[in-house]
file entry_37.cif (mmCIF, C-alpha atoms and all ligand atoms)
data_run
loop_
_atom_site.label_atom_id
_atom_site.label_comp_id
_atom_site.auth_asym_id
_atom_site.auth_seq_id
_atom_site.Cartn_x
_atom_site.Cartn_y
_atom_site.Cartn_z
CA MET W 1 -2.05 35.01 4.34
CA ILE W 2 -5.61 34.45 3.27
CA TYR W 3 -7.64 31.59 4.72
CA ARG W 4 -10.96 32.26 2.99
CA ARG W 5 -11.66 28.79 1.66
CA SER W 6 -10.54 27.20 4.95
CA SER W 7 -13.06 29.41 6.78
CA ALA W 8 -15.86 28.37 4.44
CA LEU W 9 -14.96 24.70 4.75
CA PHE W 10 -14.87 25.02 8.52
CA ALA W 11 -18.34 26.60 8.58
CA GLU W 12 -19.66 23.70 6.52
CA ALA W 13 -17.86 21.10 8.66
CA GLN W 14 -19.41 22.53 11.83
CA ARG W 15 -22.88 21.75 10.50
CA TYR W 16 -22.16 18.03 10.36
CA ILE W 17 -19.24 17.28 12.68
CA PRO W 18 -19.14 18.37 16.36
CA GLY W 19 -16.96 21.47 16.47
CA GLY W 20 -16.16 20.84 12.81
CA VAL W 21 -13.33 18.47 13.71
CA ASN W 22 -12.69 14.84 14.55
CA SER W 23 -10.18 15.62 17.31
CA PRO W 24 -10.65 18.71 19.50
CA VAL W 25 -7.25 20.46 19.34
CA ARG W 26 -7.66 20.84 15.57
CA ALA W 27 -10.47 23.36 16.12
CA PHE W 28 -8.13 26.18 17.28
CA ARG W 29 -10.30 26.88 20.34
CA ALA W 30 -7.26 27.63 22.53
CA VAL W 31 -5.89 30.18 20.09
CA GLY W 32 -9.07 31.45 18.44
CA GLY W 33 -9.72 31.85 14.74
CA ASN W 34 -10.50 29.22 12.16
CA PRO W 35 -8.46 26.09 11.57
CA VAL W 36 -6.52 25.68 8.36
CA PHE W 37 -7.90 23.01 6.02
CA VAL W 38 -5.07 21.11 4.43
CA LYS W 39 -5.25 19.91 0.86
CA GLU W 40 -1.97 18.08 0.50
CA ALA W 41 1.53 17.95 1.88
CA LYS W 42 5.01 17.04 0.76
CA GLY W 43 8.22 16.93 2.78
CA ALA W 44 8.23 19.73 5.35
CA TYR W 45 5.37 21.65 3.77
CA LEU W 46 1.60 21.72 4.04
CA TYR W 47 -0.43 23.14 1.16
CA ASP W 48 -3.81 24.38 2.29
CA GLU W 49 -7.14 24.85 0.52
CA ASP W 50 -6.34 28.53 -0.14
CA GLY W 51 -3.09 27.72 -1.89
CA ASN W 52 -0.86 28.79 1.01
CA ARG W 53 2.36 26.92 1.70
CA LEU W 54 3.04 26.36 5.39
CA ILE W 55 6.18 25.05 7.10
CA ASP W 56 4.87 22.25 9.26
CA TYR W 57 5.94 21.76 12.89
CA ILE W 58 3.37 19.17 13.89
CA ALA W 59 3.94 16.44 11.29
CA SER W 60 0.50 14.95 12.00
CA TRP W 61 1.38 15.24 15.73
CA GLY W 62 4.51 13.18 15.34
CA PRO W 63 4.21 10.25 12.94
CA LEU W 64 5.77 11.86 9.88
CA ILE W 65 9.29 11.89 11.21
CA LEU W 66 10.77 11.86 7.69
CA GLY W 67 8.33 14.40 6.26
CA HIS W 68 5.01 14.21 4.44
CA ALA W 69 4.35 11.79 1.59
CA TYR W 70 7.71 10.11 2.14
CA ALA W 71 8.23 8.09 -1.05
CA PRO W 72 9.11 4.64 0.39
CA VAL W 73 6.08 4.78 2.69
CA ILE W 74 3.69 5.94 -0.02
CA ASP W 75 4.98 3.35 -2.50
CA ALA W 76 4.60 0.56 0.06
CA VAL W 77 1.01 1.57 0.85
CA ILE W 78 0.03 1.83 -2.82
CA GLU W 79 1.47 -1.57 -3.64
CA LYS W 80 -0.28 -3.16 -0.65
CA ALA W 81 -3.62 -1.47 -1.37
CA LYS W 82 -3.72 -3.07 -4.82
CA LYS W 83 -3.76 -6.47 -3.13
CA GLY W 84 -6.65 -5.80 -0.75
CA THR W 85 -7.21 -3.48 2.19
CA SER W 86 -8.20 -5.76 5.05
CA PHE W 87 -8.61 -9.47 5.66
CA GLY W 88 -9.14 -10.06 9.36
CA MET W 89 -6.70 -12.94 8.92
CA PRO W 90 -3.01 -13.25 9.72
CA THR W 91 -0.56 -11.78 7.19
CA GLU W 92 3.21 -12.12 6.95
CA ILE W 93 3.81 -8.38 7.12
CA GLU W 94 2.52 -8.25 10.72
CA THR W 95 5.33 -10.58 11.78
CA GLN W 96 7.84 -8.59 9.73
CA LEU W 97 6.94 -5.34 11.50
CA ALA W 98 6.79 -7.06 14.90
CA LYS W 99 10.21 -8.64 14.36
CA LEU W 100 11.75 -5.33 13.35
CA ALA W 101 10.19 -3.42 16.26
CA VAL W 102 11.33 -6.08 18.74
CA SER W 103 14.88 -5.86 17.34
CA MET W 104 14.95 -2.04 17.67
CA VAL W 105 13.39 -1.61 21.12
CA PRO W 106 15.18 -2.78 24.26
CA ASN W 107 13.59 -5.14 26.70
CA ILE W 108 10.59 -6.40 24.71
CA ASP W 109 9.96 -9.92 23.39
CA LYS W 110 6.53 -9.52 21.84
CA ILE W 111 4.36 -6.74 20.49
CA ARG W 112 0.61 -6.49 19.75
CA PHE W 113 -0.63 -4.02 17.14
CA VAL W 114 -3.75 -1.91 17.64
CA ASN W 115 -5.19 1.12 15.82
CA SER W 116 -4.31 4.12 17.99
CA GLY W 117 -2.24 5.30 20.92
CA THR W 118 -5.39 5.36 23.03
CA GLU W 119 -6.00 1.67 22.41
CA ALA W 120 -2.36 0.87 23.10
CA CYS W 121 -2.39 2.57 26.54
CA MET W 122 -5.82 1.28 27.47
CA SER W 123 -4.77 -2.29 26.63
CA ALA W 124 -1.43 -1.93 28.41
CA VAL W 125 -3.21 -0.99 31.62
CA ARG W 126 -5.65 -3.91 31.32
CA LEU W 127 -2.71 -6.23 30.79
CA ALA W 128 -0.90 -4.77 33.82
CA ARG W 129 -4.01 -5.29 35.94
CA GLY W 130 -4.49 -8.82 34.67
CA PHE W 131 -0.83 -9.67 35.23
CA THR W 132 -0.55 -8.24 38.75
CA GLY W 133 -4.08 -8.94 39.94
CA LYS W 134 -4.25 -5.35 41.25
CA ASP W 135 -6.65 -2.55 40.26
CA LYS W 136 -5.14 0.90 40.77
CA ILE W 137 -2.83 2.84 38.51
CA ILE W 138 -0.76 5.96 39.06
CA LYS W 139 -0.62 8.58 36.33
CA PHE W 140 0.87 12.06 36.31
CA ALA W 141 -1.04 15.33 36.12
CA GLY W 142 -0.62 16.76 32.63
CA CYS W 143 0.32 13.47 30.99
CA TYR W 144 -2.00 12.31 28.23
CA HIS W 145 -2.41 8.65 27.40
CA GLY W 146 -5.36 8.86 25.04
CA HIS W 147 -9.03 9.37 25.71
CA SER W 148 -9.92 6.13 27.44
CA ASP W 149 -11.83 6.67 30.72
CA SER W 150 -9.05 5.80 33.19
CA PHE W 151 -6.75 8.42 31.68
CA LEU W 152 -9.07 11.41 31.58
CA ILE W 153 -8.08 12.38 35.08
CA GLN W 154 -6.01 15.57 34.99
CA ALA W 155 -4.94 14.70 31.46
CA GLY W 156 -2.83 16.94 29.25
CA SER W 157 -3.10 17.84 25.55
CA GLY W 158 -6.61 18.67 24.31
CA ALA W 159 -8.15 17.56 27.60
CA VAL W 160 -6.51 20.47 29.38
CA THR W 161 -6.59 22.89 26.45
CA PHE W 162 -10.36 22.75 26.71
CA GLY W 163 -10.38 23.16 30.47
CA SER W 164 -11.88 19.76 31.19
CA PRO W 165 -9.11 17.54 32.47
CA ASN W 166 -11.77 15.44 34.20
CA SER W 167 -14.34 14.68 31.55
CA PRO W 168 -18.04 14.22 32.26
CA GLY W 169 -18.89 10.64 31.36
CA VAL W 170 -16.02 9.17 33.35
CA THR W 171 -17.62 7.40 36.31
CA GLN W 172 -16.51 7.81 39.91
CA GLY W 173 -15.92 4.08 39.95
CA THR W 174 -13.34 4.39 37.18
CA ALA W 175 -11.82 7.60 38.51
CA LYS W 176 -11.14 6.13 41.95
CA ASP W 177 -8.68 3.62 40.49
CA THR W 178 -6.55 6.33 38.87
CA LEU W 179 -4.21 7.98 41.37
CA LEU W 180 -2.59 11.26 40.46
CA ALA W 181 1.05 12.12 41.03
CA VAL W 182 3.14 15.18 40.20
CA TYR W 183 5.60 14.90 37.30
CA ASN W 184 9.25 15.16 38.35
CA ASN W 185 8.23 14.65 41.98
CA LEU W 186 9.23 11.20 43.17
CA GLU W 187 7.98 11.90 46.68
CA SER W 188 4.43 12.37 45.38
CA VAL W 189 4.61 8.89 43.86
CA LYS W 190 6.12 7.30 46.95
CA ALA W 191 3.35 8.80 49.08
CA LEU W 192 0.68 7.26 46.83
CA ALA W 193 2.44 3.90 46.83
CA ALA W 194 2.62 3.93 50.63
CA ALA W 195 -1.03 4.93 51.04
CA ASN W 196 -2.19 2.25 48.59
CA LYS W 197 0.25 -0.53 49.44
CA GLY W 198 -0.33 -3.74 47.52
CA GLU W 199 -3.07 -2.18 45.38
CA ILE W 200 -1.17 -0.55 42.52
CA ALA W 201 -0.86 -2.48 39.28
CA ALA W 202 1.09 0.06 37.27
CA ILE W 203 2.61 3.49 36.99
CA ILE W 204 2.07 4.93 33.52
CA ILE W 205 4.20 7.86 32.38
CA GLU W 206 5.33 9.77 29.33
CA PRO W 207 9.08 9.28 29.95
CA VAL W 208 9.65 12.63 28.25
CA ALA W 209 6.33 14.43 28.51
CA GLY W 210 4.88 16.15 25.47
CA ASN W 211 1.30 16.86 26.38
CA MET W 212 1.84 19.80 28.74
CA GLY W 213 4.33 21.21 26.32
CA CYS W 214 7.62 19.36 26.41
CA ILE W 215 8.73 18.50 29.96
CA ILE W 216 12.13 16.99 30.56
CA PRO W 217 12.35 14.32 33.26
CA GLU W 218 14.74 15.40 35.98
CA GLU W 219 17.76 13.23 36.58
CA ASN W 220 16.91 10.29 38.82
CA PHE W 221 13.15 10.84 38.59
CA ILE W 222 12.58 8.03 36.10
CA LYS W 223 15.28 5.87 37.68
CA GLY W 224 13.57 6.45 41.03
CA LEU W 225 10.28 5.26 39.56
CA ARG W 226 11.97 2.09 38.35
CA GLU W 227 13.35 1.40 41.83
CA LEU W 228 10.00 2.05 43.46
CA CYS W 229 8.26 -0.28 41.00
CA ASP W 230 10.79 -3.02 41.74
CA GLN W 231 10.33 -2.60 45.50
CA GLU W 232 6.54 -2.57 45.38
CA ASP W 233 5.86 -5.10 42.58
CA ILE W 234 4.36 -2.42 40.37
CA LEU W 235 4.70 -2.53 36.57
CA LEU W 236 6.27 0.54 34.96
CA ILE W 237 4.51 1.48 31.72
CA PHE W 238 6.35 3.85 29.42
CA ASP W 239 3.92 5.58 27.11
CA GLU W 240 6.26 6.01 24.15
CA VAL W 241 3.53 7.08 21.75
CA MET W 242 5.49 10.32 21.22
CA THR W 243 9.02 9.28 22.12
CA GLY W 244 9.10 5.85 20.45
CA PHE W 245 11.15 5.76 17.23
CA ARG W 246 11.59 9.55 17.60
CA LEU W 247 14.19 10.03 20.33
CA ALA W 248 16.21 6.99 19.23
CA LYS W 249 15.71 3.54 17.73
CA GLY W 250 14.98 2.27 21.20
CA GLY W 251 13.02 5.36 22.26
CA ALA W 252 13.14 6.79 25.77
CA GLN W 253 14.14 3.45 27.30
CA GLU W 254 17.39 3.68 25.35
CA VAL W 255 18.02 7.38 25.86
CA LEU W 256 17.20 7.44 29.58
CA ASP W 257 18.74 4.01 30.15
CA VAL W 258 15.77 2.73 32.13
CA ASP W 259 13.84 -0.46 31.38
CA ALA W 260 10.07 -0.31 31.36
CA ASP W 261 7.87 -3.36 31.90
CA ILE W 262 5.34 -2.46 29.23
CA VAL W 263 5.89 0.03 26.42
CA THR W 264 3.19 1.63 24.29
CA PHE W 265 3.60 3.07 20.81
CA GLY W 266 1.66 5.08 18.26
CA LYS W 267 2.51 7.76 15.71
CA VAL W 268 5.89 6.88 14.06
CA ILE W 269 5.26 3.12 14.23
CA GLY W 270 2.38 3.56 11.79
CA GLY W 271 4.15 5.90 9.37
CA GLY W 272 1.06 8.12 9.25
CA LEU W 273 -1.57 5.39 9.14
CA PRO W 274 -3.69 4.51 12.16
CA VAL W 275 -1.49 2.23 14.26
CA GLY W 276 -0.64 1.80 17.91
CA ALA W 277 1.11 -1.03 19.70
CA PHE W 278 2.03 -2.30 23.12
CA ALA W 279 4.92 -4.54 23.96
CA ALA W 280 6.59 -6.29 26.88
CA ARG W 281 8.67 -9.26 27.83
CA GLU W 282 7.28 -12.76 27.21
CA GLU W 283 6.24 -13.34 30.82
CA ILE W 284 3.82 -10.40 30.62
CA MET W 285 2.66 -10.73 27.00
CA GLY W 286 1.86 -14.39 27.67
CA HIS W 287 -1.12 -13.19 29.70
CA LEU W 288 -2.76 -11.75 26.61
CA ALA W 289 -5.50 -13.55 24.65
CA PRO W 290 -5.38 -16.05 23.01
CA ASP W 291 -2.37 -17.28 25.03
CA GLY W 292 -3.70 -15.95 28.31
CA PRO W 293 -6.88 -14.65 29.94
CA VAL W 294 -6.51 -10.87 29.39
CA TYR W 295 -8.79 -10.07 26.47
CA GLN W 296 -7.85 -7.62 23.75
CA ALA W 297 -8.81 -7.63 20.06
CA GLY W 298 -9.40 -5.57 16.90
CA THR W 299 -11.10 -6.14 13.53
CA LEU W 300 -8.64 -3.86 11.74
CA SER W 301 -5.63 -4.51 14.00
CA GLY W 302 -2.55 -5.38 11.97
CA ASN W 303 -4.22 -3.90 8.91
CA PRO W 304 -2.04 -4.52 5.83
CA LEU W 305 -1.90 -0.88 4.70
CA ALA W 306 -0.98 0.31 8.17
CA MET W 307 1.61 -2.45 8.57
CA SER W 308 3.21 -1.63 5.22
CA ALA W 309 3.50 2.06 6.13
CA GLY W 310 4.96 1.16 9.54
CA LEU W 311 7.38 -1.34 8.06
CA ALA W 312 8.63 1.12 5.43
CA MET W 313 9.09 3.80 8.10
CA LEU W 314 10.87 1.66 10.69
CA THR W 315 13.06 0.08 8.00
CA GLU W 316 14.28 3.56 7.02
CA LEU W 317 14.96 4.50 10.63
CA ASN W 318 16.68 1.21 11.36
CA ASN W 319 18.95 1.56 8.33
CA ASN W 320 19.62 5.23 8.87
CA PRO W 321 19.77 5.94 12.61
CA GLU W 322 21.66 9.21 11.95
CA VAL W 323 18.18 10.64 11.42
CA PHE W 324 17.71 10.88 15.17
CA ARG W 325 20.83 13.01 15.55
CA SER W 326 20.01 15.08 12.49
CA LEU W 327 16.55 15.83 13.89
CA ALA W 328 17.88 16.67 17.33
CA ASP W 329 20.49 18.99 15.76
CA LYS W 330 17.82 20.79 13.75
CA THR W 331 15.65 21.12 16.82
CA LYS W 332 18.56 22.52 18.81
CA TYR W 333 19.33 25.03 16.04
CA LEU W 334 15.72 26.16 15.89
CA GLY W 335 15.52 26.44 19.67
CA LYS W 336 18.72 28.43 19.88
CA GLY W 337 17.61 30.85 17.16
CA MET W 338 14.17 31.37 18.63
CA ALA W 339 15.51 31.76 22.16
CA GLN W 340 17.91 34.45 20.95
CA VAL W 341 15.09 36.42 19.34
CA LEU W 342 12.93 36.23 22.47
CA THR W 343 15.83 37.20 24.72
CA ASP W 344 16.74 40.15 22.47
CA ASN W 345 13.16 41.35 22.74
CA ASN W 346 12.95 40.94 26.53
CA ILE W 347 10.11 38.44 26.36
CA PRO W 348 9.97 36.12 29.38
CA PHE W 349 9.99 32.52 28.22
CA GLN W 350 11.13 29.01 29.00
CA MET W 351 12.31 26.72 26.26
CA ASN W 352 12.18 22.98 26.93
CA ARG W 353 13.88 20.67 24.50
CA PHE W 354 14.68 16.98 24.54
CA GLY W 355 15.99 15.55 21.26
CA SER W 356 13.49 16.50 18.58
CA MET W 357 10.74 17.49 21.03
CA ILE W 358 10.59 21.17 21.92
CA SER W 359 8.17 23.77 23.29
CA ILE W 360 8.20 27.43 24.29
CA HIS W 361 6.38 28.54 27.43
CA PHE W 362 5.76 32.24 28.02
CA THR W 363 6.58 32.29 31.71
CA GLU W 364 9.57 33.27 33.85
CA GLU W 365 9.58 30.13 35.99
CA PRO W 366 11.09 26.81 34.94
CA VAL W 367 8.45 24.50 33.48
CA VAL W 368 8.87 21.09 35.09
CA ASP W 369 5.34 19.82 35.64
CA PHE W 370 1.70 20.55 34.90
CA GLU W 371 1.35 23.36 37.44
CA SER W 372 4.33 25.31 36.11
CA SER W 373 3.28 24.67 32.50
CA ALA W 374 -0.20 26.04 33.21
CA LYS W 375 1.38 29.34 34.31
CA GLY W 376 2.31 30.10 30.70
CA ASN W 377 0.73 33.32 29.39
CA ASN W 378 -1.89 32.23 26.86
CA ALA W 379 -2.53 35.77 25.59
CA ILE W 380 1.08 35.94 24.41
CA PHE W 381 0.88 32.41 23.08
CA LYS W 382 -2.12 33.33 20.93
CA LYS W 383 -0.32 36.33 19.43
CA TYR W 384 2.73 34.20 18.82
CA PHE W 385 0.74 31.37 17.21
CA HIS W 386 -1.24 33.65 14.86
CA GLY W 387 1.75 35.86 14.13
CA MET W 388 3.65 32.79 12.96
CA LEU W 389 0.70 31.31 11.10
CA ASN W 390 0.22 34.53 9.17
CA GLN W 391 3.77 34.12 7.92
CA GLY W 392 3.25 30.50 6.90
CA ILE W 393 4.64 28.75 9.98
CA TYR W 394 2.32 26.06 11.30
CA LEU W 395 2.85 25.42 15.02
CA PRO W 396 0.71 23.34 17.39
CA PRO W 397 -2.39 25.43 18.17
CA SER W 398 -2.04 25.06 21.95
CA ALA W 399 0.69 25.78 24.47
CA PHE W 400 0.13 22.32 25.95
CA GLU W 401 1.69 20.56 22.98
CA SER W 402 5.22 19.77 21.94
CA TYR W 403 6.37 20.65 18.42
CA PHE W 404 7.37 17.71 16.27
CA LEU W 405 10.13 18.37 13.80
CA ASN W 406 10.51 16.19 10.74
CA ASP W 407 13.74 15.49 8.92
CA ALA W 408 12.54 17.02 5.66
CA LEU W 409 12.92 20.45 7.29
CA SER W 410 15.95 22.25 5.88
CA TYR W 411 18.11 24.76 7.70
CA GLU W 412 16.61 27.38 5.35
CA ASP W 413 13.16 26.45 6.69
CA LEU W 414 14.45 26.84 10.23
CA ASP W 415 15.99 30.22 9.39
CA GLU W 416 12.69 31.31 7.83
CA THR W 417 10.95 30.30 11.05
CA ILE W 418 13.40 32.21 13.24
CA ALA W 419 13.07 35.26 10.96
CA ALA W 420 9.27 35.03 11.23
CA LEU W 421 9.57 35.14 15.01
CA SER W 422 11.86 38.14 14.71
CA ASN W 423 9.20 39.97 12.69
CA ILE W 424 6.55 39.61 15.41
CA ALA W 425 8.64 39.49 18.59
CA LYS W 426 8.23 43.17 19.46
CA ASP W 427 4.45 42.64 19.66
CA LEU W 428 4.64 39.69 22.06
CA HIS W 429 4.02 41.59 25.30
N1 LIG F 501 -0.10 8.81 24.51
C1 LIG F 501 0.56 9.91 24.18
C2 LIG F 501 1.84 10.23 24.89
C3 LIG F 501 0.07 10.76 23.19
O1 LIG F 501 0.74 11.87 22.88
C4 LIG F 501 -1.12 10.42 22.53
C5 LIG F 501 -1.71 11.30 21.42
N2 LIG F 501 -1.16 12.49 21.20
C6 LIG F 501 -1.79 9.26 22.90
C7 LIG F 501 -1.24 8.46 23.89
C8 LIG F 501 -3.06 8.85 22.23
O2 LIG F 501 -2.82 8.45 20.93
P1 LIG F 501 -4.00 8.50 19.83
O3 LIG F 501 -4.34 9.93 19.62
O4 LIG F 501 -3.41 7.83 18.65
O5 LIG F 501 -5.15 7.72 20.40
#

call {"tool": "encode", "arguments": {"input": "entry_37.cif", "output": "structure tokens"}}
result
Amino acid sequence: MIYRRSSALFAEAQRYIPGGVNSPVRAFRAVGGNPVFVKEAKGAYLYDEDGNRLIDYIASWGPLILGHAYAPVIDAVIEKAKKGTSFGMPTEIETQLAKLAVSMVPNIDKIRFVNSGTEACMSAVRLARGFTGKDKIIKFAGCYHGHSDSFLIQAGSGAVTFGSPNSPGVTQGTAKDTLLAVYNNLESVKALAAANKGEIAAIIIEPVAGNMGCIIPEENFIKGLRELCDQEDILLIFDEVMTGFRLAKGGAQEVLDVDADIVTFGKVIGGGLPVGAFAAREEIMGHLAPDGPVYQAGTLSGNPLAMSAGLAMLTELNNNPEVFRSLADKTKYLGKGMAQVLTDNNIPFQMNRFGSMISIHFTEEPVVDFESSAKGNNAIFKKYFHGMLNQGIYLPPSAFESYFLNDALSYEDLDETIAALSNIAKDLH
């Protein structure tokens, strides 16, 4: 495929925007080459500035669970936009979306809308600190909770793709309150809790991790965290920015059958517009301003366009929960087909899948945490990524990302993807 116009647009973008992008992973640094500039998208397909059609496996990194330009979402946004784009005053639609989200997600009484997943996680931690009166948090190496200072300690996603999991600009003072544990290793968490007894406000985790590739929580790991939190008076924060409204109506809480104390959302809840949210039971949310002393605010929070997109999206999912099974089935089919091709070609790999989250790691050892994920062979990944891209298959441009399937993908699309892998598999050594 030809990406001439994309290359020219990228050159121009780099003159005015750092790295030519507004979020680092988009720049293709991990895989080399120039990013693809998208012109428009519909359903499962991206159409780029060179006129190529690409089958999309990132779906804007998750939000577009029903495919691009999904008619009910687009119609809702257009109708809302005609009536004004922002008021900074309460609107009925905020309550409608809040009510629906609270009815779909277990264990939450109230929800506060923000503008991104970063804001949601940052605010959830402040709330946990304000509620418990304690300062420290535990996070897991390789988990990404947005780019707020406390989380850029051994973070996943772009932060690790670019080799800077501890970013300059994060002060020692902030870093010392973030304790690092090993994913799927309950003992590592217990050791931190014992060494910092009475000081830990919260444990924040991606209940199914997606930012070091997809990592499946081992049985009893998450349940063990819940028990530890109960014993030590620590709040358990589930970062469901990826898993929320993707794995099930009730997200990972429902699928893993574990209650979190605070849940954060992003992506699907905004239907492709900038939205995040955090939610908890009344006792905790009551600490938030203006009811309580923990401050949190936003000029554009609860924005009518974003709320209308979110409401249209969640309404569809609420009325048609078979989508979650359909997506998981498609993901399983894709995974099975791709695994067969790789096996037939004697390429060492690990495939991790949980519902509609999936990733391939080019390594012989099971990938269960950040350390094992980092052992993936990036030279092979690069060949794989570009080999697929050249055939019109758009995968995440880093091995530290999960793929996000959308329900507009047909089985023919999946077969085309598996066939594309077949075409390049012999070169993946
Ligand atoms: N948490 C998780 C689990 C994420 O995957 C992301 C983004 N990929 C974030 C938080 C941050 O969300 P945002 O990019 O909207 O700030």

call {"tool": "residues_near_ligand", "arguments": {"input": "entry_37.cif", "ligand": "ligand LIG 501 (chain F)", "cutoff": "7 Å", "atoms": "all atoms listed in the file", "output": "list in words"}}
result
Trp61, Ser116, Gly117, Thr118, Glu119, Cys121, Tyr144, His145, Gly146, His147, Glu206, Gly210, Asn211, Asp239, Glu240, Val241, Met242, Gly266, Lys267 and Gly276 of chain W

call {"tool": "residues_around", "arguments": {"input": "entry_37.cif", "residues": "Ala181 in chain W", "least_positions_apart": "5", "cutoff": "12 Å", "atoms": "all atoms listed in the file", "output": "NGL selection string"}}
result
:W and (137-143 or 153-155 or 186-193 or 203-205 or 225 or 369-371)

call {"tool": "write_last_selection", "arguments": {"input": "entry_37.cif", "atoms": "C-alpha atoms", "output": "short mmCIF file (atom, residue, chain, number, x, y, z; two decimals), keeping the file's coordinate frame"}}
result
data_model
loop_
_atom_site.label_atom_id
_atom_site.label_comp_id
_atom_site.auth_asym_id
_atom_site.auth_seq_id
_atom_site.Cartn_x
_atom_site.Cartn_y
_atom_site.Cartn_z
CA ILE W 137 -2.83 2.84 38.51
CA ILE W 138 -0.76 5.96 39.06
CA LYS W 139 -0.62 8.58 36.33
CA PHE W 140 0.87 12.06 36.31
CA ALA W 141 -1.04 15.33 36.12
CA GLY W 142 -0.62 16.76 32.63
CA CYS W 143 0.32 13.47 30.99
CA ILE W 153 -8.08 12.38 35.08
CA GLN W 154 -6.01 15.57 34.99
CA ALA W 155 -4.94 14.70 31.46
CA LEU W 186 9.23 11.20 43.17
CA GLU W 187 7.98 11.90 46.68
CA SER W 188 4.43 12.37 45.38
CA VAL W 189 4.61 8.89 43.86
CA LYS W 190 6.12 7.30 46.95
CA ALA W 191 3.35 8.80 49.08
CA LEU W 192 0.68 7.26 46.83
CA ALA W 193 2.44 3.90 46.83
CA ILE W 203 2.61 3.49 36.99
CA ILE W 204 2.07 4.93 33.52
CA ILE W 205 4.20 7.86 32.38
CA LEU W 225 10.28 5.26 39.56
CA ASP W 369 5.34 19.82 35.64
CA PHE W 370 1.70 20.55 34.90
CA GLU W 371 1.35 23.36 37.44
#

call {"tool": "residues_around", "arguments": {"input": "entry_37.cif", "residues": "Thr174 in chain W", "least_positions_apart": "6", "cutoff": "12 Å", "atoms": "only C-alpha atoms", "output": "ChimeraX atom specification"}}
result
/W:135-137,148-153,166-168

call {"tool": "closest_residue", "arguments": {"input": "entry_37.cif", "among": "W:Ile347, W:Ala41, W:Ala8, W:Leu342", "to": "Ala69 in chain W", "atoms": "only C-alpha atoms"}}
result
W:Ala41

call {"tool": "residues_around", "arguments": {"input": "entry_37.cif", "residues": "Ala425 in chain W", "least_positions_apart": "3", "cutoff": "12 Å", "atoms": "only C-alpha atoms", "output": "list in words"}}
result
Met338, Ala339, Gln340, Val341, Leu342, Thr343, Asp344, Asn345, Asn346, Ile347, Pro348, Phe349, Ile380, Phe381, Lys383, Tyr384, Phe385, Gly387, Met388, Ile418, Ala419, Ala420, Leu421, Ser422, Leu428 and His429 of chain W

call {"tool": "write_last_selection", "arguments": {"input": "entry_37.cif", "atoms": "C-alpha atoms", "output": "short mmCIF file (atom, residue, chain, number, x, y, z; two decimals), keeping the file's coordinate frame"}}
result
data_model
loop_
_atom_site.label_atom_id
_atom_site.label_comp_id
_atom_site.auth_asym_id
_atom_site.auth_seq_id
_atom_site.Cartn_x
_atom_site.Cartn_y
_atom_site.Cartn_z
CA MET W 338 14.17 31.37 18.63
CA ALA W 339 15.51 31.76 22.16
CA GLN W 340 17.91 34.45 20.95
CA VAL W 341 15.09 36.42 19.34
CA LEU W 342 12.93 36.23 22.47
CA THR W 343 15.83 37.20 24.72
CA ASP W 344 16.74 40.15 22.47
CA ASN W 345 13.16 41.35 22.74
CA ASN W 346 12.95 40.94 26.53
CA ILE W 347 10.11 38.44 26.36
CA PRO W 348 9.97 36.12 29.38
CA PHE W 349 9.99 32.52 28.22
CA ILE W 380 1.08 35.94 24.41
CA PHE W 381 0.88 32.41 23.08
CA LYS W 383 -0.32 36.33 19.43
CA TYR W 384 2.73 34.20 18.82
CA PHE W 385 0.74 31.37 17.21
CA GLY W 387 1.75 35.86 14.13
CA MET W 388 3.65 32.79 12.96
CA ILE W 418 13.40 32.21 13.24
CA ALA W 419 13.07 35.26 10.96
CA ALA W 420 9.27 35.03 11.23
CA LEU W 421 9.57 35.14 15.01
CA SER W 422 11.86 38.14 14.71
CA LEU W 428 4.64 39.69 22.06
CA HIS W 429 4.02 41.59 25.30
#

call {"tool": "closest_residue", "arguments": {"input": "entry_37.cif", "among": "W:Ala128, W:Val368, W:Val182, W:Met104", "to": "Glu254 in chain W", "atoms": "all atoms listed in the file"}}
result
W:Met104

call {"tool": "axis_aligned_box", "arguments": {"input": "entry_37.cif", "around": "range 404-411 of chain W", "padding_each_side": "8 Å", "output": "JSON"}}
result
{"center_x": 12.7, "center_y": 20.1, "center_z": 11.0, "size_x": 26.7, "size_y": 25.3, "size_z": 26.6}

call {"tool": "closest_residue", "arguments": {"input": "entry_37.cif", "among": "W:Ile424, W:Ile262, W:Met307, W:Ile215", "to": "Met122 in chain W", "atoms": "only C-alpha atoms"}}
result
W:Ile262

call {"tool": "closest_residue", "arguments": {"input": "entry_37.cif", "among": "W:Thr243, W:Gln96, W:Asn184, W:Ser23", "to": "Ser372 in chain W", "atoms": "only C-alpha atoms"}}
result
W:Asn184

call {"tool": "atom_distance", "arguments": {"input": "entry_37.cif", "atom1": "CA of Pro217 in chain W", "atom2": "CA of Gly376 in chain W"}}
result
18.9 Å
